[in-house]
file run30.pdb (PDB, C-alpha atoms and all ligand atoms)
ATOM      1  CA  MET A 925      10.357  13.813 -10.902
ATOM      2  CA  ASP A 926      10.488  11.111  -8.223
ATOM      3  CA  ILE A 927       7.092   9.716  -7.355
ATOM      4  CA  GLY A 928       6.137   7.244  -4.648
ATOM      5  CA  ILE A 929       3.528   4.583  -5.231
ATOM      6  CA  LEU A 930       1.793   2.945  -2.281
ATOM      7  CA  GLY A 931      -0.367   0.099  -3.515
ATOM      8  CA  GLY A 932      -2.590  -1.707  -1.084
ATOM      9  CA  THR A 933      -5.936  -3.217  -0.350
ATOM     10  CA  PHE A 934      -6.553  -0.378   2.118
ATOM     11  CA  ASP A 935      -9.286  -2.363   3.841
ATOM     12  CA  PRO A 936      -9.173   0.041   5.635
ATOM     13  CA  VAL A 937      -6.354   2.555   5.096
ATOM     14  CA  HIS A 938      -4.619   3.188   8.439
ATOM     15  CA  VAL A 939      -1.956   5.319  10.119
ATOM     16  CA  GLY A 940       0.746   2.784   9.187
ATOM     17  CA  HIS A 941       0.118   3.539   5.501
ATOM     18  CA  LEU A 942       0.259   7.287   6.133
ATOM     19  CA  ARG A 943       3.499   6.980   8.131
ATOM     20  CA  ILE A 944       5.203   4.939   5.390
ATOM     21  CA  ALA A 945       4.154   7.436   2.729
ATOM     22  CA  GLU A 946       5.280  10.456   4.739
ATOM     23  CA  GLU A 947       8.588   8.921   5.825
ATOM     24  CA  ALA A 948       9.443   7.883   2.253
ATOM     25  CA  ARG A 949       8.349  11.234   0.839
ATOM     26  CA  VAL A 950      10.633  13.211   3.116
ATOM     27  CA  ARG A 951      13.624  10.843   3.238
ATOM     28  CA  LEU A 952      13.677  10.115  -0.502
ATOM     29  CA  GLU A 953      12.587  13.627  -1.458
ATOM     30  CA  LEU A 954       9.626  12.382  -3.465
ATOM     31  CA  SER A 955       7.526  15.053  -5.108
ATOM     32  CA  ARG A 956       4.353  13.159  -4.217
ATOM     33  CA  VAL A 957       3.016   9.758  -3.215
ATOM     34  CA  LEU A 958       0.196   8.073  -5.102
ATOM     35  CA  PHE A 959      -2.118   5.852  -3.060
ATOM     36  CA  VAL A 960      -3.334   3.086  -5.355
ATOM     37  CA  PRO A 961      -6.162   0.920  -3.969
ATOM     38  CA  ALA A 962      -6.234  -2.545  -5.526
ATOM     39  CA  GLY A 963      -9.295  -3.381  -7.591
ATOM     40  CA  GLN A 964      -9.166  -7.107  -7.119
ATOM     41  CA  PRO A 965      -6.341  -7.973  -4.727
ATOM     42  CA  TRP A 966      -5.239 -11.341  -6.208
ATOM     43  CA  LEU A 967      -3.174 -12.273  -3.133
ATOM     44  CA  LYS A 968      -6.357 -11.995  -1.056
ATOM     45  CA  ALA A 969      -8.588 -13.801  -3.574
ATOM     46  CA  ASP A 970     -10.127 -16.109  -0.979
ATOM     47  CA  GLU A 971     -10.846 -13.380   1.562
ATOM     48  CA  ALA A 972     -13.864 -11.076   1.738
ATOM     49  CA  VAL A 973     -12.711  -7.562   0.886
ATOM     50  CA  ALA A 974     -14.811  -4.382   1.251
ATOM     51  CA  SER A 975     -16.074  -2.940  -2.013
ATOM     52  CA  PRO A 976     -13.643  -0.727  -3.947
ATOM     53  CA  ILE A 977     -16.084   2.155  -3.502
ATOM     54  CA  HIS A 978     -15.592   2.086   0.278
ATOM     55  CA  ARG A 979     -11.836   1.484   0.110
ATOM     56  CA  VAL A 980     -11.356   4.360  -2.339
ATOM     57  CA  GLU A 981     -13.541   6.684  -0.287
ATOM     58  CA  MET A 982     -11.575   5.905   2.891
ATOM     59  CA  VAL A 983      -8.292   6.696   1.108
ATOM     60  CA  ARG A 984      -9.838   9.946  -0.111
ATOM     61  CA  TRP A 985     -10.674  10.951   3.470
ATOM     62  CA  ALA A 986      -7.311   9.776   4.835
ATOM     63  CA  ILE A 987      -5.182  11.873   2.471
ATOM     64  CA  ALA A 988      -7.472  14.905   2.167
ATOM     65  CA  GLY A 989      -5.186  16.986   4.410
ATOM     66  CA  SER A 990      -1.915  16.327   2.590
ATOM     67  CA  PRO A 991      -0.904  18.264  -0.517
ATOM     68  CA  TYR A 992       1.721  15.586  -1.275
ATOM     69  CA  PHE A 993      -0.568  12.563  -1.261
ATOM     70  CA  GLU A 994      -2.821  11.691  -4.191
ATOM     71  CA  LEU A 995      -5.366   9.001  -4.934
ATOM     72  CA  SER A 996      -4.939   7.005  -8.128
ATOM     73  CA  THR A 997      -7.889   4.873  -9.206
ATOM     74  CA  VAL A 998      -5.877   3.210 -11.967
ATOM     75  CA  GLU A 999      -6.365  -0.272 -10.441
ATOM     76  CA  VAL A1000     -10.009   0.000  -9.420
ATOM     77  CA  ASP A1001     -10.881   1.377 -12.866
ATOM     78  CA  ARG A1002      -9.612  -1.797 -14.554
ATOM     79  CA  PRO A1003     -11.422  -5.120 -14.452
ATOM     80  CA  GLY A1004      -9.559  -8.213 -13.295
ATOM     81  CA  PRO A1005      -6.711  -8.678 -10.842
ATOM     82  CA  SER A1006      -4.410  -5.760  -9.983
ATOM     83  CA  TYR A1007      -0.751  -6.492 -10.704
ATOM     84  CA  ALA A1008       1.940  -3.977  -9.710
ATOM     85  CA  VAL A1009       3.864  -4.459 -12.958
ATOM     86  CA  ASP A1010       0.829  -3.402 -15.018
ATOM     87  CA  THR A1011       0.044  -0.512 -12.682
ATOM     88  CA  VAL A1012       3.555   0.928 -12.900
ATOM     89  CA  ALA A1013       3.465   0.599 -16.704
ATOM     90  CA  ILE A1014       0.178   2.519 -16.883
ATOM     91  CA  LEU A1015       1.385   5.214 -14.484
ATOM     92  CA  GLN A1016       4.559   5.581 -16.555
ATOM     93  CA  GLN A1017       2.419   6.091 -19.650
ATOM     94  CA  GLN A1018       0.185   8.571 -17.844
ATOM     95  CA  LEU A1019       2.998  10.627 -16.314
ATOM     96  CA  GLY A1020       5.641  10.367 -19.019
ATOM     97  CA  ALA A1021       9.299   9.406 -19.175
ATOM     98  CA  GLU A1022      10.459  12.068 -16.719
ATOM     99  CA  ALA A1023       8.614  10.295 -13.879
ATOM    100  CA  SER A1024      10.709   7.831 -11.822
ATOM    101  CA  PHE A1025       8.808   5.542  -9.536
ATOM    102  CA  PHE A1026       9.492   4.350  -5.994
ATOM    103  CA  PHE A1027       7.174   1.511  -5.060
ATOM    104  CA  LEU A1028       6.680   1.459  -1.286
ATOM    105  CA  LEU A1029       6.050  -1.807   0.466
ATOM    106  CA  GLY A1030       6.393  -3.481   3.864
ATOM    107  CA  TRP A1031       8.839  -6.313   4.618
ATOM    108  CA  ASP A1032       5.872  -8.709   4.527
ATOM    109  CA  SER A1033       5.061  -7.716   0.935
ATOM    110  CA  LEU A1034       8.683  -7.790  -0.227
ATOM    111  CA  ALA A1035       8.950 -11.396   0.970
ATOM    112  CA  GLU A1036       6.013 -12.235  -1.328
ATOM    113  CA  LEU A1037       7.634 -10.623  -4.358
ATOM    114  CA  PRO A1038       8.628 -13.899  -6.076
ATOM    115  CA  ARG A1039       4.897 -14.724  -6.289
ATOM    116  CA  TRP A1040       4.026 -11.423  -7.998
ATOM    117  CA  LYS A1041       3.506 -11.168 -11.758
ATOM    118  CA  GLU A1042       6.807 -10.597 -13.632
ATOM    119  CA  PRO A1043       8.813  -9.399 -10.620
ATOM    120  CA  ASP A1044      12.012  -9.292 -12.719
ATOM    121  CA  LYS A1045      10.339  -6.765 -15.013
ATOM    122  CA  LEU A1046       8.927  -4.769 -12.090
ATOM    123  CA  VAL A1047      12.359  -4.290 -10.499
ATOM    124  CA  GLN A1048      13.652  -2.812 -13.760
ATOM    125  CA  MET A1049      10.735  -0.368 -13.948
ATOM    126  CA  CYS A1050      10.975   1.168 -10.480
ATOM    127  CA  ARG A1051      12.874   1.173  -7.200
ATOM    128  CA  LEU A1052      11.316  -0.889  -4.438
ATOM    129  CA  VAL A1053      11.340   0.843  -1.067
ATOM    130  CA  ALA A1054      11.033  -1.706   1.741
ATOM    131  CA  VAL A1055       9.938  -0.542   5.179
ATOM    132  CA  PRO A1056      10.082  -2.550   8.412
ATOM    133  CA  ARG A1057       6.960  -4.157   9.732
ATOM    134  CA  PRO A1058       6.434  -5.625  13.206
ATOM    135  CA  ASP A1059       6.531  -9.446  13.364
ATOM    136  CA  PHE A1060       8.364  -9.759  10.018
ATOM    137  CA  SER A1061      12.061 -10.386   9.453
ATOM    138  CA  PRO A1062      14.246  -8.076   7.412
ATOM    139  CA  PRO A1063      14.363  -9.112   3.763
ATOM    140  CA  ASN A1064      16.868 -11.770   2.753
ATOM    141  CA  LEU A1065      18.115 -10.035  -0.376
ATOM    142  CA  GLU A1066      20.499 -12.835  -1.308
ATOM    143  CA  ALA A1067      17.682 -15.364  -1.411
ATOM    144  CA  LEU A1068      15.430 -12.910  -3.268
ATOM    145  CA  GLU A1069      18.172 -12.201  -5.816
ATOM    146  CA  SER A1070      18.399 -15.876  -6.725
ATOM    147  CA  SER A1071      14.740 -15.922  -7.747
ATOM    148  CA  ILE A1072      14.553 -12.334  -9.039
ATOM    149  CA  PRO A1073      17.821 -11.245 -10.668
ATOM    150  CA  GLY A1074      18.260  -7.477 -10.334
ATOM    151  CA  VAL A1075      16.175  -7.116  -7.178
ATOM    152  CA  THR A1076      19.150  -6.089  -5.029
ATOM    153  CA  GLN A1077      19.901  -3.035  -7.180
ATOM    154  CA  SER A1078      16.270  -2.036  -7.079
ATOM    155  CA  VAL A1079      15.615  -2.291  -3.339
ATOM    156  CA  VAL A1080      16.043   0.657  -1.002
ATOM    157  CA  LEU A1081      15.841  -0.400   2.651
ATOM    158  CA  LEU A1082      14.218   2.472   4.491
ATOM    159  CA  ASP A1083      14.786   2.297   8.210
ATOM    160  CA  MET A1084      11.948   3.865  10.181
ATOM    161  CA  PRO A1085      10.161   3.404  13.497
ATOM    162  CA  LEU A1086       7.858   0.393  13.509
ATOM    163  CA  VAL A1087       4.137   1.079  13.320
ATOM    164  CA  ASP A1088       2.230  -1.789  14.839
ATOM    165  CA  VAL A1089      -1.029  -1.395  12.927
ATOM    166  CA  SER A1090      -2.662  -3.623  10.327
ATOM    167  CA  SER A1091      -5.948  -3.521   8.449
ATOM    168  CA  SER A1092      -6.791  -7.037   9.613
ATOM    169  CA  ASP A1093      -6.378  -6.053  13.262
ATOM    170  CA  ILE A1094      -8.577  -2.987  12.707
ATOM    171  CA  ARG A1095     -11.313  -5.131  11.115
ATOM    172  CA  LYS A1096     -11.159  -7.533  14.057
ATOM    173  CA  ARG A1097     -11.347  -4.676  16.555
ATOM    174  CA  VAL A1098     -14.430  -3.206  14.871
ATOM    175  CA  ALA A1099     -16.088  -6.629  14.778
ATOM    176  CA  LYS A1100     -15.494  -6.959  18.541
ATOM    177  CA  GLY A1101     -16.807  -3.457  19.223
ATOM    178  CA  LEU A1102     -13.352  -2.172  20.305
ATOM    179  CA  SER A1103     -12.075   1.347  19.629
ATOM    180  CA  ILE A1104      -9.956   2.100  16.561
ATOM    181  CA  GLN A1105      -9.311   5.710  17.458
ATOM    182  CA  GLY A1106      -5.727   6.646  16.591
ATOM    183  CA  LEU A1107      -5.303   3.620  14.337
ATOM    184  CA  VAL A1108      -7.071   5.287  11.411
ATOM    185  CA  PRO A1109      -7.590   8.998  10.698
ATOM    186  CA  ASP A1110     -10.688  10.426  12.428
ATOM    187  CA  ASP A1111     -12.600  10.838   9.156
ATOM    188  CA  VAL A1112     -11.942   7.201   8.267
ATOM    189  CA  GLU A1113     -13.152   6.107  11.709
ATOM    190  CA  GLU A1114     -16.295   8.154  11.112
ATOM    191  CA  TYR A1115     -16.787   6.645   7.643
ATOM    192  CA  ILE A1116     -16.443   3.092   8.998
ATOM    193  CA  LYS A1117     -19.104   3.880  11.624
ATOM    194  CA  GLU A1118     -21.473   5.555   9.178
ATOM    195  CA  GLN A1119     -21.222   2.791   6.597
ATOM    196  CA  GLN A1120     -21.267   0.073   9.273
ATOM    197  CA  LEU A1121     -18.204  -1.616   7.823
ATOM    198  CA  TYR A1122     -16.441  -4.621   9.386
ATOM    199  CA  ARG A1123     -19.151  -5.347  11.946
ATOM    200  CA  GLN A1124     -19.598  -8.931  10.858
ATOM    201  CA  GLY A1125     -16.034 -10.015  11.565
ATOM    202  CA  GLU A1126     -13.521 -11.045   8.906
TER     203      GLU A1126
HETATM  204  P1  LIG B   1      -3.997  -6.757   6.072
HETATM  205  O1  LIG B   1      -3.764  -6.699   7.552
HETATM  206  O2  LIG B   1      -5.446  -6.900   5.693
HETATM  207  O3  LIG B   1      -3.107  -7.757   5.354
HETATM  208  P2  LIG B   1      -2.329  -4.401   5.638
HETATM  209  O4  LIG B   1      -2.392  -3.690   6.939
HETATM  210  O5  LIG B   1      -1.099  -5.187   5.327
HETATM  211  O6  LIG B   1      -3.618  -5.318   5.451
HETATM  212  P3  LIG B   1      -2.381  -3.399   2.916
HETATM  213  O7  LIG B   1      -3.338  -2.418   2.332
HETATM  214  O8  LIG B   1      -2.474  -4.794   2.445
HETATM  215  O9  LIG B   1      -2.596  -3.313   4.519
HETATM  216  O10 LIG B   1      -0.891  -2.854   2.819
HETATM  217  C1  LIG B   1      -0.401  -2.101   1.739
HETATM  218  C2  LIG B   1       1.118  -1.976   1.874
HETATM  219  O11 LIG B   1       1.466  -1.307   3.083
HETATM  220  C3  LIG B   1       1.845  -3.330   1.929
HETATM  221  O12 LIG B   1       3.057  -3.224   1.202
HETATM  222  C4  LIG B   1       2.136  -3.520   3.406
HETATM  223  O13 LIG B   1       3.313  -4.292   3.613
HETATM  224  C5  LIG B   1       2.364  -2.100   3.853
HETATM  225  N1  LIG B   1       2.009  -1.904   5.261
HETATM  226  C6  LIG B   1       0.762  -1.896   5.776
HETATM  227  N2  LIG B   1       0.795  -1.644   7.095
HETATM  228  C7  LIG B   1       2.100  -1.487   7.428
HETATM  229  C8  LIG B   1       2.790  -1.212   8.666
HETATM  230  N3  LIG B   1       2.131  -1.074   9.812
HETATM  231  N4  LIG B   1       4.149  -1.139   8.638
HETATM  232  C9  LIG B   1       4.814  -1.299   7.452
HETATM  233  N5  LIG B   1       4.225  -1.562   6.268
HETATM  234  C10 LIG B   1       2.885  -1.658   6.253
END
call {"tool": "encode", "arguments": {"input": "run30.pdb", "output": "structure tokens"}}
result
Amino acid sequence: MDIGILGGTFDPVHVGHLRIAEEARVRLELSRVLFVPAGQPWLKADEAVASPIHRVEMVRWAIAGSPYFELSTVEVDRPGPSYAVDTVAILQQQLGAEASFFFLLGWDSLAELPRWKEPDKLVQMCRLVAVPRPDFSPPNLEALESSIPGVTQSVVLLDMPLVDVSSSDIRKRVAKGLSIQGLVPDDVEEYIKEQQLYRQGE
């Protein structure tokens, strides 16, 4: 059973996340994709992040229409920083040995991998599926391999059309009173309005 994992801050979840999940699901024949909102995103420790309650709720709305997408609250349910290596270990325990994991991430995140907790262990536990992201260069696997032995065997480079959307841009647009229609699912747009999120800028 091949399962995708899309970890993120999802502040807010947007159509880029949904495209990555769908493209990986179909191309890699994944049985489902788990959306895993970070409890305490340690890479964004000095930034204000919306409460996990809102971020989880937005993911819930965003994936409600897809039978292949699931929410996992494994990271928000745990106190302290959310590290991918711990998350994959817990999901492996929860789903058993027959589950194989494909951790989806953008080129921007793959470049950060050497800063993650125990990346050498992570690459042994799952395949990393790297997807292109506008304004970022393709991964330099040779350089990554020198700091994380084994990463090259783990990485799957998934070529797909670029989706020029980011959560930070969406937050800025809301703060400026600009439209975000089409950048997030309609129900997420509605939720952001109702809850008056992101009005105060970043
Ligand atoms: P922010 O703009 O606040 O940094 P983000 O848009 O990168 O947020 P995250 O929730 O941090 O959203 O992203 C989760 C994962 O999805 C990361 O691995 C990121 O690289 C990837 N990702 C997000 N948006 C895109 C996109 N448009 N194209 C490719 N990958 C993306």
call {"tool": "residues_near_point", "arguments": {"input": "run30.pdb", "point": "(10.2, 7.2, 2.9)", "cutoff": "12 Å", "atoms": "all atoms listed in the file", "output": "PyMOL selection string"}}
result
chain A and resi 926-930+941-957+1026-1030+1052-1056+1080-1085
call {"tool": "resolve_selection", "arguments": {"input": "run30.pdb", "expression": "the PyMOL selection byres (((chain A and resi 1060) around 10) and not hetatm)", "output": "ChimeraX atom specification"}}
result
/A:1030-1033,1035,1056-1059,1061-1063
call {"tool": "write_last_selection", "arguments": {"input": "run30.pdb", "atoms": "C-alpha atoms", "output": "CSV table (one decimal), in the coordinates of the input"}}
result
chain,number,residue,atom,x,y,z
A,1030,GLY,CA,6.4,-3.5,3.9
A,1031,TRP,CA,8.8,-6.3,4.6
A,1032,ASP,CA,5.9,-8.7,4.5
A,1033,SER,CA,5.1,-7.7,0.9
A,1035,ALA,CA,9.0,-11.4,1.0
A,1056,PRO,CA,10.1,-2.6,8.4
A,1057,ARG,CA,7.0,-4.2,9.7
A,1058,PRO,CA,6.4,-5.6,13.2
A,1059,ASP,CA,6.5,-9.4,13.4
A,1061,SER,CA,12.1,-10.4,9.5
A,1062,PRO,CA,14.2,-8.1,7.4
A,1063,PRO,CA,14.4,-9.1,3.8
call {"tool": "resolve_selection", "arguments": {"input": "run30.pdb", "expression": "the PyMOL selection byres (((chain A and resi 1003-1015) around 8) and not hetatm)", "output": "ChimeraX atom specification"}}
result
/A:931,962-966,998-1002,1016-1019,1025,1040-1043,1045-1046,1049-1050
call {"tool": "write_last_selection", "arguments": {"input": "run30.pdb", "atoms": "C-alpha atoms", "output": "mmCIF file, in the coordinates of the input"}}
result
data_model
loop_
_atom_site.group_PDB
_atom_site.id
_atom_site.type_symbol
_atom_site.label_atom_id
_atom_site.label_comp_id
_atom_site.auth_asym_id
_atom_site.auth_seq_id
_atom_site.Cartn_x
_atom_site.Cartn_y
_atom_site.Cartn_z
ATOM 1 C CA GLY A 931 -0.367 0.099 -3.515
ATOM 2 C CA ALA A 962 -6.234 -2.545 -5.526
ATOM 3 C CA GLY A 963 -9.295 -3.381 -7.591
ATOM 4 C CA GLN A 964 -9.166 -7.107 -7.119
ATOM 5 C CA PRO A 965 -6.341 -7.973 -4.727
ATOM 6 C CA TRP A 966 -5.239 -11.341 -6.208
ATOM 7 C CA VAL A 998 -5.877 3.210 -11.967
ATOM 8 C CA GLU A 999 -6.365 -0.272 -10.441
ATOM 9 C CA VAL A 1000 -10.009 0.000 -9.420
ATOM 10 C CA ASP A 1001 -10.881 1.377 -12.866
ATOM 11 C CA ARG A 1002 -9.612 -1.797 -14.554
ATOM 12 C CA GLN A 1016 4.559 5.581 -16.555
ATOM 13 C CA GLN A 1017 2.419 6.091 -19.650
ATOM 14 C CA GLN A 1018 0.185 8.571 -17.844
ATOM 15 C CA LEU A 1019 2.998 10.627 -16.314
ATOM 16 C CA PHE A 1025 8.808 5.542 -9.536
ATOM 17 C CA TRP A 1040 4.026 -11.423 -7.998
ATOM 18 C CA LYS A 1041 3.506 -11.168 -11.758
ATOM 19 C CA GLU A 1042 6.807 -10.597 -13.632
ATOM 20 C CA PRO A 1043 8.813 -9.399 -10.620
ATOM 21 C CA LYS A 1045 10.339 -6.765 -15.013
ATOM 22 C CA LEU A 1046 8.927 -4.769 -12.090
ATOM 23 C CA MET A 1049 10.735 -0.368 -13.948
ATOM 24 C CA CYS A 1050 10.975 1.168 -10.480
#
call {"tool": "residues_near_point", "arguments": {"input": "run30.pdb", "point": "(3.1, 0.3, 14.2)", "cutoff": "9 Å", "atoms": "all atoms listed in the file", "output": "PyMOL selection string"}}
result
chain A and resi 939-940+1057-1058+1085-1090
call {"tool": "resolve_selection", "arguments": {"input": "run30.pdb", "expression": "the PyMOL selection byres (((chain A and resi 1114-1122) around 8) and not hetatm)", "output": "list in words"}}
result
Ala974, Met982, Arg1095, Lys1096, Val1098, Ala1099, Asp1110, Asp1111, Val1112, Glu1113, Arg1123, Gln1124, Gly1125 and Glu1126 of chain A
call {"tool": "axis_aligned_box", "arguments": {"input": "run30.pdb", "around": "ligand LIG 1 (chain B)", "padding_each_side": "6 Å", "output": "AutoDock Vina command-line options"}}
result
--center_x -0.3 --center_y -4.4 --center_z 5.5 --size_x 22.3 --size_y 18.7 --size_z 20.6
call {"tool": "atom_distance", "arguments": {"input": "run30.pdb", "atom1": "atom CA of Glu1069 of chain A", "atom2": "atom CA of Leu1034 of chain A"}}
result
11.9 Å
call {"tool": "closest_residue", "arguments": {"input": "run30.pdb", "among": "A:Asp935, A:Glu1066, A:Glu1036, A:Glu1022", "to": "ligand LIG 1 (chain B)", "atoms": "all atoms listed in the file"}}
result
A:Asp935
call {"tool": "atom_distance", "arguments": {"input": "run30.pdb", "atom1": "atom CA of Phe993 of chain A", "atom2": "atom CA of Gly1074 of chain A"}}
result
29.0 Å
call {"tool": "closest_residue", "arguments": {"input": "run30.pdb", "among": "A:Ala1023, A:Ile977, A:Leu1102, A:Ile1094", "to": "ligand LIG 1 (chain B)", "atoms": "all atoms listed in the file"}}
result
A:Ile1094
call {"tool": "closest_residue", "arguments": {"input": "run30.pdb", "among": "A:Ile1104, A:Val973, A:Ile987, A:Met925", "to": "ligand LIG 1 (chain B)", "atoms": "only C-alpha atoms and all ligand atoms"}}
result
A:Val973
call {"tool": "closest_residue", "arguments": {"input": "run30.pdb", "among": "A:Ser1092, A:Ser990, A:Ser996, A:Ser1024", "to": "ligand LIG 1 (chain B)", "atoms": "all atoms listed in the file"}}
result
A:Ser1092
call {"tool": "atom_distance", "arguments": {"input": "run30.pdb", "atom1": "atom CA of Asp1044 of chain A", "atom2": "atom CA of Pro976 of chain A"}}
result
28.4 Å
call {"tool": "decode", "arguments": {"input": "run30.pdb", "residues": "segment 987-1006 of chain A", "atoms": "N, CA and C atoms", "output": "compact mmCIF listing (two decimals), in the first residue's frame"}}
result
# COMPACT_ATOMS: atom_id res chain seq x y z
N ILE A 987 -10.21 19.29 1.29
CA ILE A 987 -10.14 17.91 0.77
C ILE A 987 -11.48 17.18 0.86
N ALA A 988 -12.51 17.89 1.34
CA ALA A 988 -13.80 17.23 1.59
C ALA A 988 -14.33 16.50 0.35
N GLY A 989 -14.02 17.02 -0.84
CA GLY A 989 -14.57 16.42 -2.06
C GLY A 989 -13.77 15.24 -2.59
N SER A 990 -12.62 14.95 -2.05
CA SER A 990 -11.79 13.89 -2.64
C SER A 990 -11.76 12.63 -1.78
N PRO A 991 -12.16 11.50 -2.36
CA PRO A 991 -12.12 10.25 -1.59
C PRO A 991 -10.68 9.78 -1.34
N TYR A 992 -9.72 10.34 -2.07
CA TYR A 992 -8.33 9.86 -1.95
C TYR A 992 -7.49 10.69 -0.99
N PHE A 993 -8.03 11.82 -0.56
CA PHE A 993 -7.27 12.69 0.34
C PHE A 993 -7.81 12.56 1.75
N GLU A 994 -6.89 12.52 2.72
CA GLU A 994 -7.29 12.37 4.12
C GLU A 994 -6.52 13.36 4.99
N LEU A 995 -7.16 13.78 6.05
CA LEU A 995 -6.49 14.64 7.03
C LEU A 995 -5.86 13.76 8.10
N SER A 996 -4.62 14.05 8.46
CA SER A 996 -4.03 13.39 9.62
C SER A 996 -3.64 14.47 10.62
N THR A 997 -4.13 14.33 11.85
CA THR A 997 -3.83 15.34 12.87
C THR A 997 -2.66 14.89 13.75
N VAL A 998 -1.87 13.95 13.24
CA VAL A 998 -0.80 13.38 14.05
C VAL A 998 0.17 14.46 14.58
N GLU A 999 0.43 15.50 13.78
CA GLU A 999 1.37 16.54 14.24
C GLU A 999 0.71 17.55 15.17
N VAL A 1000 -0.52 17.95 14.87
CA VAL A 1000 -1.16 18.94 15.74
C VAL A 1000 -1.56 18.32 17.08
N ASP A 1001 -1.70 17.01 17.13
CA ASP A 1001 -2.07 16.35 18.39
C ASP A 1001 -0.89 16.22 19.35
N ARG A 1002 0.33 16.45 18.83
CA ARG A 1002 1.52 16.30 19.69
C ARG A 1002 2.06 17.65 20.08
N PRO A 1003 2.47 17.82 21.34
CA PRO A 1003 3.07 19.10 21.70
C PRO A 1003 4.48 19.20 21.10
N GLY A 1004 4.99 20.41 21.03
CA GLY A 1004 6.37 20.60 20.56
C GLY A 1004 6.46 20.67 19.05
N PRO A 1005 7.69 20.86 18.55
CA PRO A 1005 7.89 21.02 17.12
C PRO A 1005 7.54 19.76 16.33
N SER A 1006 7.12 19.95 15.08
CA SER A 1006 6.74 18.82 14.22
C SER A 1006 7.92 18.48 13.32
